[in-house]
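input_19.txt, holding compact mmCIF, C-alpha atoms:
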# COMPACT_ATOMS: atom_id res chain seq x y z
CA MET A 1 104.41 90.41 73.94
CA PRO A 2 105.84 92.69 76.63
CA LYS A 3 106.70 91.08 79.95
CA ARG A 4 104.21 91.46 82.73
CA GLY A 5 104.93 94.59 84.70
CA TYR A 6 105.28 94.75 88.48
CA HIS A 7 105.28 97.92 90.52
CA HIS A 8 105.72 98.98 94.14
CA GLY A 9 106.81 95.61 95.48
CA ASN A 10 104.33 93.52 93.52
CA LEU A 11 107.15 91.43 92.06
CA ARG A 12 108.32 90.48 95.55
CA GLN A 13 104.84 89.30 96.50
CA ALA A 14 104.41 87.50 93.18
CA LEU A 15 107.59 85.53 93.91
CA ILE A 16 106.33 84.64 97.38
CA GLU A 17 103.03 83.43 95.97
CA ALA A 18 104.88 81.42 93.33
CA ALA A 19 107.02 79.84 96.04
CA LEU A 20 103.94 78.96 98.10
CA LYS A 21 102.42 77.18 95.11
CA LEU A 22 105.63 75.24 94.49
CA ILE A 23 105.98 74.39 98.18
CA GLU A 24 102.50 72.87 98.15
CA GLU A 25 103.31 70.89 95.02
CA LYS A 26 106.93 69.86 95.62
CA GLY A 27 107.82 70.63 99.21
CA PRO A 28 110.18 73.32 100.50
CA THR A 29 113.29 71.75 98.98
CA GLY A 30 111.71 70.52 95.75
CA PHE A 31 112.02 73.68 93.68
CA THR A 32 114.63 76.18 92.60
CA LEU A 33 114.64 79.95 92.46
CA SER A 34 114.52 79.65 88.69
CA GLU A 35 111.29 77.68 88.95
CA ALA A 36 109.85 80.30 91.28
CA ALA A 37 110.78 83.00 88.79
CA LYS A 38 109.23 81.08 85.92
CA THR A 39 106.02 80.52 87.90
CA ALA A 40 105.90 84.24 88.68
CA GLY A 41 106.50 85.06 85.03
CA VAL A 42 109.84 86.85 85.45
CA THR A 43 113.49 86.16 84.66
CA PRO A 44 115.67 84.38 87.24
CA ALA A 45 117.80 87.50 87.56
CA ALA A 46 114.78 89.42 88.85
CA VAL A 47 114.55 87.15 91.89
CA TYR A 48 117.93 88.26 93.21
CA ARG A 49 116.79 91.86 93.46
CA HIS A 50 114.57 90.72 96.32
CA PHE A 51 115.97 87.47 97.74
CA GLU A 52 119.52 86.18 98.10
CA GLY A 53 118.44 82.56 97.85
CA ARG A 54 115.61 80.07 98.18
CA GLU A 55 115.86 80.01 101.97
CA ASP A 56 115.30 83.76 102.13
CA LEU A 57 112.24 83.41 99.93
CA ILE A 58 110.83 80.62 102.11
CA ALA A 59 111.62 82.60 105.27
CA GLU A 60 109.54 85.51 104.00
CA ALA A 61 106.69 83.13 103.17
CA ALA A 62 106.97 81.80 106.73
CA ARG A 63 106.95 85.33 108.17
CA GLN A 64 103.77 86.17 106.31
CA GLY A 65 102.31 82.87 107.43
CA PHE A 66 103.05 83.53 111.09
CA ASP A 67 101.48 86.99 110.80
CA MET A 68 98.32 85.45 109.33
CA PHE A 69 98.42 82.66 111.91
CA ALA A 70 98.77 85.11 114.80
CA ASP A 71 95.83 87.15 113.51
CA LEU A 72 93.69 84.01 113.23
CA MET A 73 94.69 82.84 116.71
CA GLN A 74 93.90 86.26 118.15
CA TYR A 75 90.51 86.28 116.40
CA ALA A 76 89.72 82.83 117.79
CA TYR A 77 90.82 83.86 121.27
CA ASP A 78 88.69 87.01 121.17
CA LYS A 79 85.71 85.06 119.84
CA GLY A 80 85.84 82.75 122.85
CA GLN A 81 85.79 85.55 125.41
CA PRO A 82 84.75 86.04 128.14
CA SER A 83 85.09 82.30 128.80
CA ALA A 84 88.73 81.31 129.35
CA LEU A 85 87.87 77.72 128.43
CA ALA A 86 86.08 78.66 125.19
CA ALA A 87 88.92 81.01 124.22
CA PHE A 88 91.51 78.30 124.82
CA GLU A 89 89.62 75.64 122.88
CA ALA A 90 89.07 78.08 120.01
CA THR A 91 92.80 78.64 119.59
CA GLY A 92 93.30 74.89 119.22
CA ARG A 93 90.69 74.71 116.48
CA ALA A 94 92.24 77.74 114.77
CA TYR A 95 95.53 75.86 114.47
CA LEU A 96 93.88 73.07 112.54
CA ALA A 97 91.89 75.48 110.38
CA PHE A 98 95.00 77.43 109.42
CA ALA A 99 96.90 74.32 108.37
CA ARG A 100 94.06 73.30 106.08
CA ARG A 101 93.45 76.70 104.53
CA HIS A 102 97.08 77.74 104.05
CA PRO A 103 99.18 74.62 103.46
CA GLY A 104 102.00 76.47 101.68
CA HIS A 105 102.43 78.88 104.56
CA TYR A 106 102.11 76.08 107.11
CA ILE A 107 104.87 74.04 105.45
CA SER A 108 107.09 77.13 105.24
CA MET A 109 106.57 77.80 108.93
CA PHE A 110 106.91 74.31 110.38
CA GLU A 111 108.41 71.91 107.85
CA SER A 112 110.97 73.86 105.84
CA GLY A 113 113.83 73.68 108.32
CA ILE A 114 114.00 77.48 108.34
CA SER A 115 114.73 78.74 111.86
CA VAL A 116 112.22 81.23 113.24
CA ASN A 117 115.28 83.20 114.36
CA ARG A 118 116.57 83.62 110.81
CA THR A 119 115.39 87.23 110.79
CA PRO A 120 114.10 89.53 113.55
CA GLU A 121 110.86 89.99 111.62
CA LEU A 122 110.25 86.24 111.38
CA ALA A 123 111.03 85.76 115.08
CA ALA A 124 108.66 88.57 116.05
CA ALA A 125 105.81 87.11 113.98
CA ALA A 126 106.34 83.61 115.40
CA ASN A 127 106.49 84.93 118.96
CA ARG A 128 103.28 86.88 118.46
CA ALA A 129 101.44 83.70 117.47
CA LYS A 130 102.94 81.78 120.38
CA ALA A 131 101.98 84.53 122.81
CA VAL A 132 98.28 84.24 121.97
CA LEU A 133 98.19 80.56 122.92
CA GLU A 134 100.29 81.17 126.04
CA ARG A 135 97.93 83.92 127.14
CA ALA A 136 94.92 81.66 126.65
CA ALA A 137 96.66 78.87 128.58
CA GLY A 138 97.68 81.26 131.35
CA GLU A 139 94.16 82.56 131.85
CA LEU A 140 92.70 79.07 131.90
CA SER A 141 95.34 77.73 134.30
CA GLU A 142 94.44 80.40 136.85
CA HIS A 143 91.63 78.03 137.80
CA ILE A 144 94.19 75.41 138.92
CA PRO A 145 95.57 75.54 142.49
CA ALA A 146 98.97 77.25 142.44
CA ASP A 147 100.84 74.18 143.73
CA LYS A 148 99.46 72.06 140.88
CA ARG A 149 99.54 74.66 138.11
CA PRO A 150 101.88 74.02 135.17
CA PRO A 151 103.69 77.02 133.67
CA ALA A 152 101.59 78.62 130.93
CA SER A 153 104.43 78.05 128.47
CA MET A 154 104.39 74.30 129.20
CA PHE A 155 100.60 74.15 129.10
CA SER A 156 100.47 75.88 125.72
CA ALA A 157 103.39 73.83 124.38
CA HIS A 158 101.52 70.60 125.11
CA ILE A 159 98.45 71.80 123.20
CA TRP A 160 100.60 73.17 120.36
CA ALA A 161 102.34 69.79 120.06
CA MET A 162 99.03 67.94 120.11
CA SER A 163 97.57 70.22 117.44
CA HIS A 164 100.68 69.85 115.30
CA GLY A 165 100.58 66.08 115.60
CA VAL A 166 96.96 65.88 114.48
CA VAL A 167 97.73 68.17 111.53
CA GLU A 168 100.80 66.22 110.47
CA LEU A 169 99.29 62.78 110.77
CA TYR A 170 95.71 63.25 109.71
CA ALA A 171 94.74 66.71 108.46
CA ARG A 172 96.98 67.36 105.47
CA ASN A 173 96.32 64.32 103.28
CA THR A 174 99.60 62.62 104.18
CA GLY A 175 98.17 59.21 103.41
CA THR A 176 97.67 58.23 107.05
CA ALA A 177 94.09 57.11 107.49
CA SER A 178 92.39 58.48 110.58
CA PRO A 179 89.66 56.48 112.32
CA PHE A 180 88.03 59.79 113.29
CA PRO A 181 87.81 63.30 111.82
CA PRO A 182 90.87 65.39 112.77
CA GLU A 183 88.62 67.92 114.50
CA ASP A 184 87.26 65.18 116.77
CA LEU A 185 90.73 63.84 117.52
CA LEU A 186 91.96 67.27 118.53
CA GLU A 187 88.88 68.14 120.58
CA THR A 188 88.90 64.87 122.52
CA GLY A 189 92.66 65.07 123.03
CA ILE A 190 92.39 68.57 124.48
CA GLY A 191 89.46 67.37 126.59
CA ILE A 192 91.51 64.53 128.09
CA TYR A 193 94.33 66.95 128.84
CA LEU A 194 92.04 69.50 130.49
CA ARG A 195 90.28 66.83 132.55
CA GLY A 196 93.65 65.67 133.80
CA LEU A 197 94.27 69.19 135.06
CA GLY A 198 90.84 69.33 136.65
CA LEU A 199 89.68 72.15 134.40
CA ILE A 200 86.60 70.40 133.06
CA PRO A 201 84.43 67.73 134.77
CA GLN A 202 85.12 64.05 134.30
CA ASP A 203 82.69 62.17 132.06
Represent the structure contained in this file as C-alpha cells.
Amino acid sequence: MPKRGYHHGNLRQALIEAALKLIEEKGPTGFTLSEAAKTAGVTPAAVYRHFEGREDLIAEAARQGFDMFADLMQYAYDKGQPSALAAFEATGRAYLAFARRHPGHYISMFESGISVNRTPELAAAANRAKAVLERAAGELSEHIPADKRPPASMFSAHIWAMSHGVVELYARNTGTASPFPPEDLLETGIGIYLRGLGLIPQD
C-alpha cells in the first residue's frame, strides 16, 4: 500500500493534530516525536522537515490554540455588547468553554512549560487573547471611581487566574470532586469579585 500523501502543508497540520491527541492522552511530556509521526502515519524523518523537536511541535499547537482562544474570547466579548458587564462575564465563561472543548490546545498553552515568548507568532497570539480580557476589564472598571479603580491588567489577571483555577481543579476531570458545577463556581466567584469592586449590587 502506498503511504498516505500530504500536500501543501497538510503533513505539518497532521503532525500537530497527532500531537494534540497524544497530549490529551499522555500529557505534553509523555510522547516522542516518533510517536507523533506514527500517529500521523508518516516516518519519523518526515517530522524534522517541519519541526526541530517536540517543543517546537507543542509550541505550534499552543499558537494555534491561542489564535482559537482569542477568536472565542472576542466572539464572547462582542456577544455581550453593549453591556460592559455582560461582555466581561461572557469572556470568563468563554475561558471555561474553551478548556472543555479543546483540551489538547489548552494543555499546550498553559501546562506544557512552553514559554509564550518562544516565538514571535506564539507571543502575538497569546497577547491577542489577553488583550480581549483586558479590554473588557478596562471598560467595566470605568464605572469605578478613579481613586479606587484597579489597573485593567490587574483586574483581568485576577479573573484569568480565577478561571484557570476552576478549570484546573474541577473542569478537566482531574479527579477533584467539585461540590458545585464549574460554571456555577466561576460565576459566583466573579460575582463576589465584582461586588467587592462595587460593580454589581450586594445580595
Exercise. Which of these, A:Tyr170, A:Tyr106, A:Phe180, A:Tyr193, has the shortest distance to Ala61 (chain A) once you count all atoms listed in the file?
Worked result: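 Smallest separation from Ala61 (chain A) among the options: A:Tyr106.
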Exercise. Which is closer to Glu134 (chain A) than all the others in A:Lys79, A:His158, A:Arg93, A:Arg100, using all atoms listed in the file?
Worked result: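 Going through A:Lys79, A:His158, A:Arg93, A:Arg100 one by one, the smallest distance to Glu134 (chain A) is for A:His158.
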For this session: Select, from A:Pro145, A:Pro44, A:Pro103, A:Gly196, the residue with the minimum atom-to-atom distance to Val167 (chain A), counting only C-alpha atoms.
Result: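 Selected residue with least distance to Val167 (chain A): A:Pro103.
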For this session: Quote the spacing between CA of Glu60 (chain A) and CA of Gly165 (chain A) in Å to one decimal place.
Result: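 For CA of Glu60 (chain A) relative to CA of Gly165 (chain A), the distance reads 24.3 Å.
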For this session: Would you mind listing what lies within 9 Å of Phe69 (chain A) as a count of residues only, with only C-alpha atoms counted and same-chain residues fewer than 4 positions away left out?
Result: 11
Exercise. In Å to one decimal, how far is CA of Asn127 (chain A) from CA of Glu24 (chain A)?
Worked result: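 So the answer is 24.4 Å.
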For this session: Point out the residue among A:Val47, A:Phe66, A:Glu35, A:Glu52 with the least atom-to-atom distance to Phe110 (chain A), counting only C-alpha atoms.
Result: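 Closest residue, counting only C-alpha atoms: A:Phe66.
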For this session: Kindly give the distance, in Å, that separates CA of Ala137 (chain A) and CA of Phe155 (chain A), rounded to a single decimal.
Result: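 Between CA of Ala137 (chain A) and CA of Phe155 (chain A) the gap works out to 6.2 Å.
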Exercise. Using all atoms listed in the file, which of A:Ile144, A:Val166, A:Leu96, A:Ile107 sits nearest Lys21 (chain A)?
Worked result: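 Nearest to Lys21 (chain A): A:Ile107.
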Problem set entry | Residue nearest Ala152 (chain A) among A:Phe88, A:Lys38, A:Leu122, A:Asn117 (counting only C-alpha atoms) |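 Ranked by minimum distance to Ala152 (chain A), first place goes to A:Phe88.
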